Amino acid sequence: MVLSASGALAKPNSTAKIVTYNPALAPVGASITANLTPDDHSTVATLMVTGLLPNRGYAVHAHTKACGATGEAAGPHYQDRIDPAATPQAPSSNPEYANPRNEIWLDVHTNAEGSGTSRVTVPFTFTDRTPESIVVHEAMTTATGPGHAGQAGARVACLTLSRQ
């Protein structure tokens, strides 16, 4: 099962599936495409962006819930092996769980025109649960240190994934 989303960022509303929460960092009309394609024992995730701020990094992750009126609606990062110590009030920051082999991190850096691509392969496929969204964060890269692993700042845009 392929998970994907594609379209232009809009302000949050009751029907938008691709939204910006911070138009200063993720302008209305910027285009984002994400695909998560499982293979035998891995998943290839790709991200393509146009119209974001030029020459800037963005931390990007798969999340557990669909986009909503606020960035928090998307829930925590999707993890293949769920951190048992994580709670809704204290998401996982343990590098044993919050890492690019157990989560889907698609950090991207834009060029002078505000376009960029990212591609990663993670060593897992989806079974009874899947990520529901891709969230773009304000940080230029995802933190990796103990106690901060996976942190990326405020959520600036979100894409609700569809099953294909």
# chains A, B, ... in the order shown; residues from 1 in each chain; ligands from 1

$ closest_atom_pairs --of "segment 35-113 of chain A" --to "segment 134-148 of chain A" --cutoff "7 Å" --atoms "only C-alpha atoms" --output "Markdown table"
| residue | atom | partner | partner_atom | distance |
| --- | --- | --- | --- | --- |
| A:Arg56 | CA | A:Met140 | CA | 6.8 |
| A:Gly57 | CA | A:Met140 | CA | 4.0 |
| A:Tyr58 | CA | A:Met140 | CA | 4.4 |
| A:Ala59 | CA | A:Thr141 | CA | 4.7 |
| A:Val60 | CA | A:Val136 | CA | 4.5 |
| A:His61 | CA | A:Val135 | CA | 5.5 |
| A:Ala62 | CA | A:Ile134 | CA | 4.5 |
| A:His63 | CA | A:Ile134 | CA | 5.9 |
| A:Ser93 | CA | A:Gly147 | CA | 5.1 |
| A:Asn94 | CA | A:Gly147 | CA | 6.0 |
| A:Pro95 | CA | A:Pro146 | CA | 5.8 |
| A:Asp107 | CA | A:Thr141 | CA | 6.1 |

$ select_by_dssp --residues "chain A" --states "strand (DSSP E or B)" --output "PyMOL selection string"
chain A and resi 3-8+10+18-20+31-38+43-50+57-58+60-63+77+105+108-109+116-122+133-137+155-160+162-163

$ residues_around --residues "Thr43 of chain A" --least-positions-apart "4" --cutoff "8 Å" --atoms "only C-alpha atoms" --output "VMD selection string"
chain A and resid 36 to 39 121 to 125

$ write_last_selection --atoms "N, CA, C and O atoms" --output "compact mmCIF listing (two decimals), in the first residue's frame"
# COMPACT_ATOMS: atom_id res chain seq x y z
N LEU A 36 5.14 7.48 0.23
CA LEU A 36 5.74 6.44 1.06
C LEU A 36 5.39 5.12 0.38
O LEU A 36 4.23 4.73 0.33
N THR A 37 6.41 4.47 -0.17
CA THR A 37 6.21 3.26 -0.97
C THR A 37 6.92 2.08 -0.34
O THR A 37 8.15 2.03 -0.29
N PRO A 38 6.14 1.10 0.17
CA PRO A 38 6.77 -0.07 0.77
C PRO A 38 7.33 -1.02 -0.28
O PRO A 38 6.84 -1.09 -1.41
N ASP A 39 8.40 -1.71 0.10
CA ASP A 39 9.02 -2.74 -0.71
C ASP A 39 8.96 -4.02 0.12
O ASP A 39 8.19 -4.09 1.07
N THR A 121 15.19 5.74 2.80
CA THR A 121 14.68 4.38 2.87
C THR A 121 14.78 3.95 4.33
O THR A 121 15.86 4.05 4.93
N VAL A 122 13.65 3.52 4.90
CA VAL A 122 13.64 3.05 6.28
C VAL A 122 13.50 1.53 6.29
O VAL A 122 12.86 0.96 5.40
N PRO A 123 14.05 0.85 7.30
CA PRO A 123 14.08 -0.61 7.31
C PRO A 123 12.81 -1.25 7.88
O PRO A 123 12.87 -2.20 8.66
N PHE A 124 11.65 -0.72 7.51
CA PHE A 124 10.39 -1.31 7.96
C PHE A 124 9.29 -1.02 6.94
O PHE A 124 9.42 -0.13 6.10
N THR A 125 8.22 -1.81 7.02
CA THR A 125 7.02 -1.58 6.21
C THR A 125 5.85 -1.42 7.18
O THR A 125 5.98 -1.64 8.38

$ atom_distance --atom1 "atom CA of Leu53 of chain A" --atom2 "atom CA of Glu113 of chain A"
7.9 Å

$ closest_residue --among "A:Ala34, A:Cys67, A:Met1, A:Ala45" --to "Ala157 of chain A" --atoms "only C-alpha atoms"
A:Cys67

$ closest_residue --among "A:Ser14, A:Thr46, A:Thr70, A:Ser92" --to "Gly150 of chain A" --atoms "only C-alpha atoms"
A:Ser92

$ residues_around --residues "Ala69 of chain A" --least-positions-apart "2" --cutoff "12 Å" --atoms "only C-alpha atoms" --output "list of chain:residue names"
A:Ala10, A:Lys11, A:Pro12, A:Asn13, A:Ser14, A:Thr15, A:Ala16, A:Lys17, A:Ile18, A:Val19, A:Thr20, A:Tyr21, A:Ala66, A:Cys67, A:Gly71, A:Glu72, A:Ala73, A:Ala74, A:Arg155, A:Val156, A:Ala157, A:Cys158

$ write_last_selection --atoms "N, CA, C and O atoms" --output "CSV table (one decimal), in the first residue's frame"
chain,number,residue,atom,x,y,z
A,10,ALA,N,-2.7,25.5,1.7
A,10,ALA,CA,-3.9,26.4,2.0
A,10,ALA,C,-3.9,26.7,3.5
A,10,ALA,O,-3.4,26.0,4.3
A,11,LYS,N,-4.7,27.7,3.8
A,11,LYS,CA,-4.9,28.0,5.2
A,11,LYS,C,-5.8,26.9,5.8
A,11,LYS,O,-6.6,26.3,5.0
A,12,PRO,N,-5.7,26.5,7.0
A,12,PRO,CA,-6.5,25.5,7.6
A,12,PRO,C,-8.0,25.8,7.5
A,12,PRO,O,-8.4,26.9,7.7
A,13,ASN,N,-8.8,24.8,7.1
A,13,ASN,CA,-10.2,24.9,7.0
A,13,ASN,C,-10.8,23.5,7.2
A,13,ASN,O,-10.0,22.5,7.2
A,14,SER,N,-12.1,23.3,7.2
A,14,SER,CA,-12.7,22.0,7.4
A,14,SER,C,-12.4,21.0,6.4
A,14,SER,O,-12.6,19.8,6.6
A,15,THR,N,-12.0,21.4,5.2
A,15,THR,CA,-11.8,20.4,4.1
A,15,THR,C,-10.4,20.3,3.6
A,15,THR,O,-10.1,19.3,2.9
A,16,ALA,N,-9.5,21.2,4.0
A,16,ALA,CA,-8.1,21.2,3.5
A,16,ALA,C,-7.4,20.0,4.0
A,16,ALA,O,-7.4,19.7,5.2
A,17,LYS,N,-6.7,19.3,3.1
A,17,LYS,CA,-5.8,18.2,3.5
A,17,LYS,C,-4.4,18.5,3.4
A,17,LYS,O,-3.5,17.7,3.9
A,18,ILE,N,-4.0,19.7,2.9
A,18,ILE,CA,-2.7,20.2,2.8
A,18,ILE,C,-2.7,21.6,3.2
A,18,ILE,O,-3.3,22.5,2.6
A,19,VAL,N,-2.1,21.9,4.4
A,19,VAL,CA,-2.3,23.2,5.1
A,19,VAL,C,-1.0,23.8,5.5
A,19,VAL,O,0.0,23.1,5.8
A,20,THR,N,-1.0,25.1,5.6
A,20,THR,CA,0.1,25.9,6.3
A,20,THR,C,-0.5,26.4,7.6
A,20,THR,O,-1.6,26.9,7.7
A,21,TYR,N,0.4,26.3,8.6
A,21,TYR,CA,0.1,26.9,9.9
A,21,TYR,C,0.9,28.2,10.1
A,21,TYR,O,0.6,28.9,11.0
A,66,ALA,N,-4.0,12.5,11.1
A,66,ALA,CA,-4.2,13.5,9.9
A,66,ALA,C,-4.0,14.9,10.4
A,66,ALA,O,-4.1,15.2,11.6
A,67,CYS,N,-3.9,15.8,9.4
A,67,CYS,CA,-3.8,17.2,9.7
A,67,CYS,C,-5.1,17.7,10.2
A,67,CYS,O,-6.2,17.1,10.0
A,71,GLY,N,-1.4,22.5,14.1
A,71,GLY,CA,-0.3,21.5,13.9
A,71,GLY,C,-0.4,20.3,14.9
A,71,GLY,O,0.0,19.2,14.6
A,72,GLU,N,-0.8,20.6,16.1
A,72,GLU,CA,-0.9,19.5,17.1
A,72,GLU,C,-1.8,18.4,16.8
A,72,GLU,O,-1.7,17.3,17.3
A,73,ALA,N,-2.8,18.7,15.9
A,73,ALA,CA,-3.8,17.6,15.5
A,73,ALA,C,-3.1,16.4,14.9
A,73,ALA,O,-3.6,15.3,15.0
A,74,ALA,N,-1.9,16.6,14.3
A,74,ALA,CA,-1.2,15.5,13.6
A,74,ALA,C,-0.6,14.5,14.6
A,74,ALA,O,-0.1,13.5,14.1
A,155,ARG,N,5.3,23.3,14.2
A,155,ARG,CA,4.8,22.7,12.9
A,155,ARG,C,4.3,23.8,12.0
A,155,ARG,O,3.4,24.6,12.4
A,156,VAL,N,4.8,23.9,10.8
A,156,VAL,CA,4.5,25.0,9.9
A,156,VAL,C,3.6,24.6,8.8
A,156,VAL,O,3.0,25.5,8.2
A,157,ALA,N,3.6,23.3,8.4
A,157,ALA,CA,2.7,22.8,7.4
A,157,ALA,C,2.4,21.3,7.6
A,157,ALA,O,3.2,20.7,8.3
A,158,CYS,N,1.3,20.8,6.9
A,158,CYS,CA,1.0,19.5,7.1
A,158,CYS,C,0.3,18.9,5.9
A,158,CYS,O,-0.5,19.7,5.2

$ atom_distance --atom1 "atom CA of Asn102 of chain A" --atom2 "atom CA of Thr117 of chain A"
20.9 Å

$ closest_residue --among "A:Ala30, A:Ala86, A:Val120, A:Ala98" --to "Leu52 of chain A" --atoms "only C-alpha atoms"
A:Ala30

$ residues_around --residues "Gly116 of chain A" --least-positions-apart "4" --cutoff "9 Å" --atoms "only C-alpha atoms" --output "ChimeraX atom specification"
/A:47-50,52,108-111

$ write_last_selection --atoms "C-alpha atoms" --output "mmCIF file, in the first residue's frame"
data_model
loop_
_atom_site.group_PDB
_atom_site.id
_atom_site.type_symbol
_atom_site.label_atom_id
_atom_site.label_comp_id
_atom_site.auth_asym_id
_atom_site.auth_seq_id
_atom_site.Cartn_x
_atom_site.Cartn_y
_atom_site.Cartn_z
ATOM 1 C CA LEU A 47 9.364 14.535 -0.630
ATOM 2 C CA MET A 48 9.320 17.280 -3.280
ATOM 3 C CA VAL A 49 8.686 20.939 -2.457
ATOM 4 C CA THR A 50 8.362 24.121 -4.508
ATOM 5 C CA LEU A 52 8.970 27.397 0.125
ATOM 6 C CA VAL A 108 14.843 18.960 3.065
ATOM 7 C CA HIS A 109 16.930 21.964 1.993
ATOM 8 C CA THR A 110 15.556 24.327 -0.644
ATOM 9 C CA ASN A 111 17.517 25.930 -3.463
#

$ atom_distance --atom1 "atom CA of Thr160 of chain A" --atom2 "atom CA of Ser4 of chain A"
8.2 Å

$ select_by_dssp --residues "chain A" --states "helix (DSSP H, G or I)" --output "ChimeraX atom specification"
/A:71-74

$ write_last_selection --atoms "all heavy atoms" --output "PDB file, in the first residue's frame"
ATOM      1  N   GLY A  71      -1.393  22.463  14.145  1.00  0.00           N
ATOM      2  CA  GLY A  71      -0.334  21.482  13.916  1.00  0.00           C
ATOM      3  C   GLY A  71      -0.357  20.334  14.906  1.00  0.00           C
ATOM      4  O   GLY A  71       0.009  19.210  14.571  1.00  0.00           O
ATOM      5  N   GLU A  72      -0.824  20.581  16.119  1.00  0.00           N
ATOM      6  CA  GLU A  72      -0.860  19.538  17.142  1.00  0.00           C
ATOM      7  C   GLU A  72      -1.825  18.410  16.783  1.00  0.00           C
ATOM      8  O   GLU A  72      -1.708  17.290  17.291  1.00  0.00           O
ATOM      9  CB  GLU A  72      -1.229  20.136  18.500  1.00  0.00           C
ATOM     10  CG  GLU A  72      -0.127  20.994  19.093  1.00  0.00           C
ATOM     11  CD  GLU A  72       0.120  22.307  18.334  1.00  0.00           C
ATOM     12  OE1 GLU A  72      -0.837  22.891  17.775  1.00  0.00           O
ATOM     13  OE2 GLU A  72       1.292  22.718  18.266  1.00  0.00           O
ATOM     14  N   ALA A  73      -2.789  18.664  15.910  1.00  0.00           N
ATOM     15  CA  ALA A  73      -3.770  17.637  15.520  1.00  0.00           C
ATOM     16  C   ALA A  73      -3.094  16.417  14.898  1.00  0.00           C
ATOM     17  O   ALA A  73      -3.625  15.308  14.972  1.00  0.00           O
ATOM     18  CB  ALA A  73      -4.792  18.220  14.546  1.00  0.00           C
ATOM     19  N   ALA A  74      -1.922  16.588  14.305  1.00  0.00           N
ATOM     20  CA  ALA A  74      -1.232  15.484  13.621  1.00  0.00           C
ATOM     21  C   ALA A  74      -0.600  14.481  14.574  1.00  0.00           C
ATOM     22  O   ALA A  74      -0.070  13.460  14.140  1.00  0.00           O
ATOM     23  CB  ALA A  74      -0.174  16.034  12.662  1.00  0.00           C
TER      24      ALA A  74
END

$ closest_residue --among "A:Arg119, A:Thr87, A:Leu159, A:Lys65" --to "Thr33 of chain A" --atoms "only C-alpha atoms"
A:Leu159

$ closest_residue --among "A:Gly29, A:Gly51, A:Pro91, A:Pro100" --to "Pro76 of chain A" --atoms "only C-alpha atoms"
A:Pro91

$ residues_around --residues "Arg81 of chain A" --least-positions-apart "2" --cutoff "10 Å" --atoms "only C-alpha atoms" --output "PyMOL selection string"
chain A and resi 78-79+83-84+96-98+101-103+124
